[in-house]
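Coordinates from target.cif are shown below (mmCIF, C-alpha atoms and all ligand atoms).
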```
data_protein
loop_
_atom_site.label_atom_id
_atom_site.label_comp_id
_atom_site.auth_asym_id
_atom_site.auth_seq_id
_atom_site.Cartn_x
_atom_site.Cartn_y
_atom_site.Cartn_z
CA MET C 223 -18.78 43.17 57.34
CA ARG C 224 -20.53 45.21 54.71
CA ASP C 225 -24.07 44.03 54.32
CA THR C 226 -25.66 46.76 52.23
CA VAL C 227 -24.45 48.52 49.14
CA SER C 228 -26.03 50.98 46.72
CA ILE C 229 -25.36 50.58 43.04
CA ARG C 230 -26.82 51.62 39.72
CA ALA C 231 -27.55 49.42 36.75
CA ARG C 232 -28.13 50.20 33.13
CA GLY C 233 -28.77 47.69 30.39
CA GLY C 234 -27.13 48.16 27.01
CA ARG C 235 -28.74 50.18 24.26
CA GLY C 236 -30.29 48.16 21.45
CA GLY C 237 -28.43 48.15 18.13
CA ASP C 238 -29.86 50.25 15.32
CA GLY C 239 -31.65 48.62 12.46
CA SER C 240 -29.91 48.91 9.13
CA ALA C 241 -31.04 50.59 5.92
CA SER C 242 -29.51 48.91 2.91
CA PHE C 243 -30.50 47.49 -0.45
CA ARG C 244 -29.70 44.30 -2.24
CA ARG C 245 -27.09 44.57 -4.91
CA GLU C 246 -27.02 41.81 -7.39
CA LYS C 247 -25.71 41.57 -10.89
CA TYR C 248 -28.39 42.33 -13.46
CA VAL C 249 -30.80 43.52 -10.77
CA PRO C 250 -30.66 47.29 -11.00
CA ARG C 251 -32.77 48.07 -8.01
CA GLY C 252 -32.68 45.35 -5.38
CA GLY C 253 -35.14 45.46 -2.51
CA PRO C 254 -34.41 46.60 1.03
CA ASP C 255 -32.30 44.12 2.99
CA GLY C 256 -31.27 46.05 6.12
CA GLY C 257 -31.31 43.70 9.10
CA ASP C 258 -32.35 44.30 12.71
CA GLY C 259 -30.12 45.51 15.47
CA GLY C 260 -29.36 43.17 18.37
CA ARG C 261 -30.77 43.78 21.83
CA GLY C 262 -28.61 45.42 24.43
CA GLY C 263 -27.16 43.32 27.24
CA HIS C 264 -29.17 42.93 30.44
CA VAL C 265 -27.80 43.72 33.84
CA ILE C 266 -28.50 40.65 35.95
CA ILE C 267 -27.96 40.17 39.65
CA ALA C 268 -27.39 36.54 40.55
CA ALA C 269 -26.78 34.66 43.77
CA HIS C 270 -23.67 32.56 43.61
CA ASP C 271 -22.25 29.91 45.92
CA LYS C 272 -18.71 31.12 45.79
CA VAL C 273 -19.54 34.65 46.86
CA ASN C 274 -20.06 35.16 50.57
CA SER C 275 -20.25 38.88 51.07
CA LEU C 276 -20.95 42.13 49.27
CA ARG C 277 -17.49 43.41 50.08
CA ASP C 278 -16.20 43.29 46.52
CA ILE C 279 -18.93 45.53 45.19
CA LYS C 280 -17.81 49.13 45.37
CA PRO C 281 -20.61 51.43 46.54
CA GLY C 282 -21.92 53.69 43.82
CA THR C 283 -20.70 51.52 40.97
CA VAL C 284 -22.73 51.92 37.78
CA PHE C 285 -22.99 48.53 36.11
CA ARG C 286 -23.44 49.07 32.37
CA ALA C 287 -24.10 46.25 30.00
CA PRO C 288 -22.79 46.54 26.43
CA SER C 289 -24.95 47.74 23.54
CA GLY C 290 -26.33 45.48 20.87
CA GLY C 291 -24.70 45.53 17.45
CA ALA C 292 -26.27 47.32 14.51
CA GLY C 293 -28.09 45.34 11.86
CA GLY C 294 -26.32 44.78 8.56
CA LYS C 295 -26.71 44.13 4.89
CA SER C 296 -28.43 41.07 3.53
CA GLY C 297 -30.78 40.91 6.49
CA LYS C 298 -27.96 40.38 8.93
CA TYR C 299 -28.94 40.71 12.58
CA GLY C 300 -26.78 42.69 14.93
CA ARG C 301 -25.28 40.64 17.72
CA ALA C 302 -26.92 40.89 21.16
CA GLY C 303 -24.96 42.77 23.79
CA ALA C 304 -23.49 40.43 26.41
CA ASP C 305 -25.37 40.30 29.70
CA LEU C 306 -23.55 41.75 32.66
CA ILE C 307 -23.88 39.48 35.67
CA VAL C 308 -23.27 40.89 39.13
CA ARG C 309 -22.65 38.04 41.56
CA VAL C 310 -23.87 38.34 45.13
CA PRO C 311 -24.12 35.89 48.01
CA ALA C 312 -27.24 33.79 48.41
CA GLY C 313 -29.30 35.71 50.93
CA THR C 314 -29.17 39.06 49.13
CA ALA C 315 -32.31 41.11 48.76
CA VAL C 316 -32.47 43.49 45.79
CA LEU C 317 -34.42 46.67 46.44
CA ASP C 318 -35.33 49.65 44.32
CA ALA C 319 -33.30 52.36 46.04
CA GLU C 320 -35.84 55.07 45.24
CA THR C 321 -39.06 53.38 46.33
CA GLY C 322 -37.65 50.83 48.76
CA GLU C 323 -39.64 48.16 46.91
CA LEU C 324 -38.29 44.64 47.24
CA LEU C 325 -37.55 43.50 43.69
CA ALA C 326 -36.19 40.07 44.49
CA ASP C 327 -34.95 38.02 47.36
CA LEU C 328 -32.09 35.97 45.98
CA ALA C 329 -32.26 33.35 48.67
CA ALA C 330 -30.58 30.41 46.98
CA ASN C 331 -27.64 29.77 44.72
CA GLY C 332 -28.66 30.45 41.11
CA ASP C 333 -31.56 32.79 41.90
CA LYS C 334 -31.37 35.82 39.66
CA ILE C 335 -33.16 38.90 38.45
CA ILE C 336 -32.79 41.16 35.44
CA VAL C 337 -32.59 44.58 37.07
CA SER C 338 -32.20 46.57 33.89
CA ALA C 339 -33.15 44.98 30.60
CA GLY C 340 -31.19 45.85 27.50
CA GLY C 341 -32.93 48.03 24.94
CA SER C 342 -34.53 46.18 22.05
CA GLY C 343 -32.84 46.12 18.69
CA GLY C 344 -34.26 48.44 16.03
CA ARG C 345 -35.82 46.93 12.93
CA GLY C 346 -34.00 47.19 9.64
CA ASN C 347 -35.54 48.66 6.51
CA MET C 348 -36.45 45.24 5.11
CA HIS C 349 -39.49 45.41 7.38
CA PHE C 350 -40.65 48.71 5.99
CA ALA C 351 -41.21 47.82 2.34
CA THR C 352 -44.82 48.22 1.17
CA PRO C 353 -46.35 47.84 -2.26
CA LYS C 354 -46.31 51.60 -2.49
CA ASN C 355 -42.82 52.10 -1.16
CA ARG C 356 -40.38 49.53 -2.39
CA VAL C 357 -37.34 51.54 -1.44
CA PRO C 358 -37.90 52.44 2.21
CA LEU C 359 -35.09 54.36 3.79
CA GLU C 360 -36.60 53.99 7.23
CA PHE C 361 -35.06 51.93 9.96
CA GLU C 362 -35.61 51.89 13.68
CA PRO C 363 -32.98 53.10 16.10
CA GLY C 364 -32.15 50.75 18.96
CA GLY C 365 -34.14 51.14 22.16
CA GLU C 366 -32.66 52.78 25.25
CA SER C 367 -32.48 51.03 28.56
CA GLU C 368 -33.54 52.58 31.82
CA GLU C 369 -30.94 53.22 34.50
CA ARG C 370 -32.00 52.06 37.95
CA ALA C 371 -30.80 52.83 41.43
CA LEU C 372 -30.64 49.70 43.53
CA SER C 373 -29.82 48.72 47.01
CA LEU C 374 -28.43 45.29 47.82
CA GLU C 375 -28.96 43.96 51.30
CA TYR C 376 -27.35 40.80 52.48
CA SER C 377 -28.75 38.89 55.41
CA ILE C 378 -27.23 35.71 56.72
CA PRO C 379 -29.48 32.72 56.11
CA SER C 380 -30.28 31.15 59.47
CA GLU C 381 -33.26 29.39 61.02
CA THR C 382 -32.88 30.97 64.45
CA ALA C 383 -31.33 33.98 66.12
CA VAL C 384 -30.72 34.96 69.72
CA ILE C 385 -31.44 38.47 70.88
CA GLY C 386 -31.16 39.95 74.32
CA PHE C 387 -29.63 42.60 76.53
CA PRO C 388 -25.85 43.00 76.84
CA GLY C 389 -24.37 40.23 78.94
CA ALA C 390 -27.50 38.07 78.83
CA GLY C 391 -25.32 35.22 77.63
CA LYS C 392 -26.18 35.14 73.92
CA SER C 393 -22.68 34.37 72.74
CA THR C 394 -22.17 31.82 75.50
CA LEU C 395 -25.39 30.09 74.50
CA VAL C 396 -24.69 30.01 70.78
CA ARG C 397 -21.22 28.72 71.47
CA ALA C 398 -22.50 26.04 73.84
CA LEU C 399 -25.16 24.85 71.40
CA THR C 400 -23.27 25.10 68.16
CA GLY C 401 -19.59 25.13 68.98
CA SER C 402 -19.19 28.43 67.15
CA ARG C 403 -16.18 30.33 68.42
CA THR C 404 -17.80 33.61 69.10
CA PRO C 405 -16.18 36.27 71.24
CA VAL C 406 -17.59 36.06 74.75
CA GLY C 407 -17.03 38.70 77.36
CA GLU C 408 -18.31 40.72 80.25
CA TYR C 409 -18.32 43.92 78.22
CA ASP C 410 -21.45 45.34 76.68
CA PHE C 411 -21.63 45.16 72.92
CA THR C 412 -18.85 42.57 72.72
CA THR C 413 -20.54 41.07 69.73
CA ARG C 414 -20.64 43.76 67.09
CA LYS C 415 -21.22 41.44 64.20
CA PRO C 416 -23.68 38.63 63.91
CA TYR C 417 -22.05 35.21 64.23
CA ILE C 418 -23.50 31.94 63.15
CA GLY C 419 -23.22 28.35 64.28
CA VAL C 420 -24.90 25.08 63.40
CA CYS C 421 -26.63 22.94 66.00
CA GLY C 422 -27.42 19.30 65.38
CA ALA C 423 -31.05 18.33 65.95
CA GLY C 424 -31.31 14.59 65.90
CA GLU C 425 -29.58 12.33 63.45
CA PHE C 426 -30.27 14.04 60.16
CA ALA C 427 -31.42 17.53 60.97
CA SER C 428 -29.71 20.68 62.10
CA PHE C 429 -30.52 24.31 62.48
CA ARG C 430 -28.41 27.41 62.29
CA MET C 431 -28.29 29.91 65.10
CA LEU C 432 -27.24 33.53 64.85
CA ASP C 433 -25.57 35.32 67.71
CA MET C 434 -26.56 38.95 67.53
CA PRO C 435 -25.06 42.07 69.06
CA ALA C 436 -26.80 43.23 72.20
CA LEU C 437 -30.15 44.82 71.58
CA ALA C 438 -30.53 47.47 74.24
CA ASP C 439 -33.36 49.86 74.87
CA GLY C 440 -33.53 52.42 72.07
CA SER C 441 -31.10 50.63 69.80
CA SER C 442 -33.54 50.86 66.93
CA GLU C 443 -33.02 54.62 67.13
CA GLY C 444 -29.31 54.30 66.80
CA ARG C 445 -28.08 53.86 70.36
CA GLY C 446 -25.45 51.29 71.11
CA VAL C 447 -24.35 49.60 67.94
CA GLY C 448 -27.52 50.72 66.17
CA ASN C 449 -30.09 48.51 64.60
CA PHE C 450 -28.40 47.66 61.33
CA PHE C 451 -27.80 44.06 62.35
CA LEU C 452 -31.51 43.43 62.77
CA ARG C 453 -31.76 43.04 59.03
CA HIS C 454 -30.14 39.68 59.53
CA LEU C 455 -33.35 38.52 61.17
CA ARG C 456 -35.14 38.74 57.85
CA ARG C 457 -34.69 35.07 57.03
CA VAL C 458 -34.94 33.78 60.56
CA GLU C 459 -37.92 31.58 61.41
CA LEU C 460 -37.61 31.52 65.19
CA ILE C 461 -36.30 34.25 67.48
CA VAL C 462 -34.94 33.29 70.88
CA LEU C 463 -35.42 36.09 73.40
CA LEU C 464 -32.67 35.47 75.91
CA ILE C 465 -33.56 37.07 79.23
CA ASP C 466 -30.85 37.99 81.71
CA PHE C 467 -32.13 36.67 85.01
CA ARG C 468 -29.50 38.27 87.25
CA PRO C 469 -31.00 40.35 90.06
CA GLU C 470 -29.18 43.45 88.81
CA ALA C 471 -30.68 43.13 85.32
CA PRO C 472 -33.99 44.83 84.49
CA GLU C 473 -37.16 42.88 85.31
CA PRO C 474 -37.66 39.94 82.89
CA GLU C 475 -41.02 41.31 81.70
CA ALA C 476 -39.41 44.65 80.98
CA GLN C 477 -36.66 42.95 78.98
CA VAL C 478 -39.19 41.03 76.91
CA GLU C 479 -41.18 44.19 76.33
CA THR C 480 -38.11 46.14 75.26
CA LEU C 481 -36.90 43.43 72.92
CA LEU C 482 -40.29 43.13 71.26
CA ARG C 483 -40.55 46.88 70.94
CA GLU C 484 -37.16 47.10 69.29
CA LEU C 485 -38.01 44.27 66.91
CA ALA C 486 -41.27 45.94 65.95
CA ALA C 487 -39.55 49.30 65.51
CA TYR C 488 -37.20 47.75 63.00
CA ASP C 489 -39.82 45.72 61.17
CA PRO C 490 -43.34 45.00 62.44
CA GLU C 491 -43.29 41.72 60.50
CA TYR C 492 -40.63 40.45 62.84
CA LEU C 493 -43.37 40.02 65.45
CA GLU C 494 -45.01 37.44 63.22
CA LYS C 495 -42.07 35.09 63.59
CA LYS C 496 -42.01 32.26 66.11
CA ARG C 497 -40.54 33.18 69.46
CA LEU C 498 -39.13 31.39 72.43
CA VAL C 499 -38.47 33.16 75.71
CA VAL C 500 -35.47 31.68 77.50
CA TYR C 501 -34.18 32.66 80.92
CA ASN C 502 -30.44 32.57 81.38
CA ARG C 503 -28.05 33.29 84.24
CA ARG C 504 -30.47 32.02 86.81
CA ASP C 505 -27.77 31.30 89.31
CA ALA C 506 -30.06 32.55 92.07
CA GLU C 507 -32.60 30.16 93.52
CA SER C 508 -36.02 31.68 92.96
CA PRO C 509 -37.66 30.37 89.79
CA PRO C 510 -39.40 32.85 87.52
CA GLU C 511 -43.13 33.00 88.14
CA GLY C 512 -45.80 32.22 85.57
CA ALA C 513 -43.25 30.93 83.12
CA ALA C 514 -44.45 27.40 82.65
CA ARG C 515 -43.94 27.35 78.88
CA ASP C 516 -40.61 29.05 79.04
CA ILE C 517 -37.21 27.54 79.32
CA GLU C 518 -34.60 28.14 81.92
CA ILE C 519 -30.95 27.55 81.23
CA ASN C 520 -27.54 28.25 82.57
CA ALA C 521 -25.51 28.72 79.43
CA ALA C 522 -22.19 28.96 81.24
CA ARG C 523 -22.69 25.64 83.03
CA GLY C 524 -24.45 24.03 80.09
CA GLU C 525 -27.65 23.40 82.04
CA GLY C 526 -31.01 23.16 80.26
CA LEU C 527 -29.43 23.15 76.83
CA GLU C 528 -30.90 19.80 75.80
CA ASP C 529 -34.40 21.04 76.63
CA LEU C 530 -33.74 24.17 74.66
CA ARG C 531 -32.37 22.27 71.69
CA ALA C 532 -35.45 20.04 71.73
CA ALA C 533 -37.82 23.01 71.99
CA ILE C 534 -36.15 24.76 69.07
CA SER C 535 -36.11 21.59 66.96
CA GLN C 536 -39.77 21.06 67.65
CA SER C 537 -40.69 24.63 66.88
CA LEU C 538 -38.86 24.38 63.56
CA GLY C 539 -40.62 21.12 62.75
CA LEU C 540 -37.38 19.13 62.79
CA THR C 541 -38.54 16.47 65.22
CA GLU C 542 -41.70 15.36 63.45
CA ASP C 543 -41.86 11.87 62.00
CA VAL C 544 -38.23 11.14 62.52
CA GLU C 545 -38.76 7.87 64.32
CA ASN C 546 -37.66 5.05 62.02
N1 LIG C 601 -23.00 32.83 86.07
C1 LIG C 601 -23.36 32.76 84.80
N2 LIG C 601 -22.64 33.41 83.89
C2 LIG C 601 -23.01 33.35 82.60
C3 LIG C 601 -24.13 32.59 82.18
N3 LIG C 601 -24.25 32.72 80.82
C4 LIG C 601 -23.23 33.53 80.42
N4 LIG C 601 -22.47 33.90 81.49
C5 LIG C 601 -21.31 34.79 81.48
O1 LIG C 601 -21.73 36.11 81.20
C6 LIG C 601 -20.75 36.81 80.48
C7 LIG C 601 -21.35 37.45 79.25
O2 LIG C 601 -21.79 36.44 78.39
P1 LIG C 601 -21.91 36.65 76.82
O3 LIG C 601 -22.28 35.33 76.26
O4 LIG C 601 -20.73 37.34 76.27
O5 LIG C 601 -23.16 37.65 76.77
P2 LIG C 601 -23.79 38.38 75.49
O6 LIG C 601 -23.43 39.82 75.62
O7 LIG C 601 -25.27 38.20 75.64
O8 LIG C 601 -23.25 37.73 74.27
C8 LIG C 601 -19.65 35.81 80.16
O9 LIG C 601 -18.61 36.00 81.08
C9 LIG C 601 -20.32 34.48 80.38
O10 LIG C 601 -19.43 33.47 80.81
C10 LIG C 601 -24.89 31.90 83.20
O11 LIG C 601 -25.89 31.25 82.93
N5 LIG C 601 -24.45 32.02 84.49
MG MG C 602 -22.17 38.50 72.65
#
```
Now, as a test, write the supplied structure out as structure tokens.
Ligand SMILES: Nc1nc2c(ncn2[C@@H]2O[C@H](COP(=O)(O)OP(=O)(O)O)[C@@H](O)[C@H]2O)c(=O)[nH]1
Ligand SMILES: [Mg+2]
Amino acid sequence: MRDTVSIRARGGRGGDGSASFRREKYVPRGGPDGGDGGRGGHVIIAAHDKVNSLRDIKPGTVFRAPSGGAGGKSGKYGRAGADLIVRVPAGTAVLDAETGELLADLAANGDKIIVSAGGSGGRGNMHFATPKNRVPLEFEPGGESEERALSLEYSIPSETAVIGFPGAGKSTLVRALTGSRTPVGEYDFTTRKPYIGVCGAGEFASFRMLDMPALADGSSEGRGVGNFFLRHLRRVELIVLLIDFRPEAPEPEAQVETLLRELAAYDPEYLEKKRLVVYNRRDAESPPEGAARDIEINAARGEGLEDLRAAISQSLGLTEDVEN
């Protein structure tokens, strides 16, 4: 899955204004009638329903919109250059590649942004006549457009995501709650791509849940599968920290600490999101201490999943005022 791509965009040049003069029978010296050039086409990036990845956009492509037409005789306007529309999936952020500035977050179908406006059309000489100069030869050339380097970043729209150490049971949990057919295995880093499933929450509501690759210590510095997938947390409202409660796993507190550190290392704003700490694989008997607010599950046996579903629904505000 390609979820980032760098491109360039350049709007069309504006059409030149025209310099011409009226020619009519019996009028020896007609006035200026050169029309204006048309504007150049814009380059527009638009989110579209039918597009679900950035895979069809070749990295490094320069998207150039056509120029505007030149103005003509008899005050004729040049035609505007057609806009060039680059379609991306809903959930694509558009960033200035040089400054990293977020230009637009195209979250929903139909959201769009002009990334490089076409140059304006030049004025024709009919605008330059003055009482002193009735035969102006001046016209304006069309305006240039500015080429921009852009970076497109797609992140899957989802309300929740599950992060945790390898083997914590993330894929098992997402599959149990949502029915998504995610690879599940005993190997570390089984899940290299984020997967998504939908979990019903009461009669009319549902939430989506992302299964993420394992987030191990240091992964934000490129260990394991690296941190690239953390960008998919951008749209997530609630992060489930799934703690591996096997005796051979690191201490639960250490896991929480590591996960939070890795989140913060990727984007400090991720710590502002809602969080739920969930203990999984508690096949052993001793309950975790001081964990009254936390949830314990056994994803493989399907235990505690209803409590978890309710806690997530409540945290997302899906359970309010639903009675009758
Ligand atoms: N005994 C036990 N095994 C579990 C539990 N949850 C998951 N597993 C198993 O642990 C293994 C790894 O699970 P997986 O969901 O792939 O972990 P992930 O790396 O976090 O996605 C699989 O064989 C699961 O069946 C649990 O609560 N108890
Ligand atoms: Mg997995």
Legend entry - Distance of CA of Leu464 in chain C from atom O7 of ligand LIG 601 (chain C), expressed in Å to one decimal place: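 Going from atom O7 of ligand LIG 601 (chain C) over to CA of Leu464 in chain C, I get 7.9 Å.
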Legend entry - Shortest interatomic distance to Ser535 in chain C - which of C:Ala476, C:Ala423, C:Met348, C:Ala398, counting all atoms listed in the file: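 Among the listed residues, the smallest separation from Ser535 in chain C belongs to C:Ala423.
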List the spatial neighbours of Ser373 in chain C as a short mmCIF file (atom, residue, chain, number, x, y, z; two decimals) with C-alpha atoms, in the coordinates of the input - criterion: any atom at most 10 Å away, all atoms listed in the file, same-chain residues fewer than 5 positions off excluded.
```cif
data_model
loop_
_atom_site.label_atom_id
_atom_site.label_comp_id
_atom_site.auth_asym_id
_atom_site.auth_seq_id
_atom_site.Cartn_x
_atom_site.Cartn_y
_atom_site.Cartn_z
CA THR C 226 -25.66 46.76 52.23
CA VAL C 227 -24.45 48.52 49.14
CA SER C 228 -26.03 50.98 46.72
CA ILE C 229 -25.36 50.58 43.04
CA ARG C 230 -26.82 51.62 39.72
CA PRO C 281 -20.61 51.43 46.54
CA GLY C 282 -21.92 53.69 43.82
CA THR C 314 -29.17 39.06 49.13
CA ALA C 315 -32.31 41.11 48.76
CA VAL C 316 -32.47 43.49 45.79
CA LEU C 317 -34.42 46.67 46.44
CA ASP C 318 -35.33 49.65 44.32
CA ALA C 319 -33.30 52.36 46.04
CA GLU C 320 -35.84 55.07 45.24
CA GLY C 322 -37.65 50.83 48.76
CA GLU C 323 -39.64 48.16 46.91
CA LEU C 324 -38.29 44.64 47.24
CA LEU C 325 -37.55 43.50 43.69
#
```
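Interatomic distance, CA of Gly346 in chain C against CA of Gly252 in chain C: 15.2 Å.
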Legend entry - Top pick for closest residue to ligand LIG 601 (chain C), considering C:Pro469, C:Leu481, C:Glu528, C:Arg397 and counting all atoms listed in the file: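 Using all atoms listed in the file, ligand LIG 601 (chain C) sits closest to C:Arg397.
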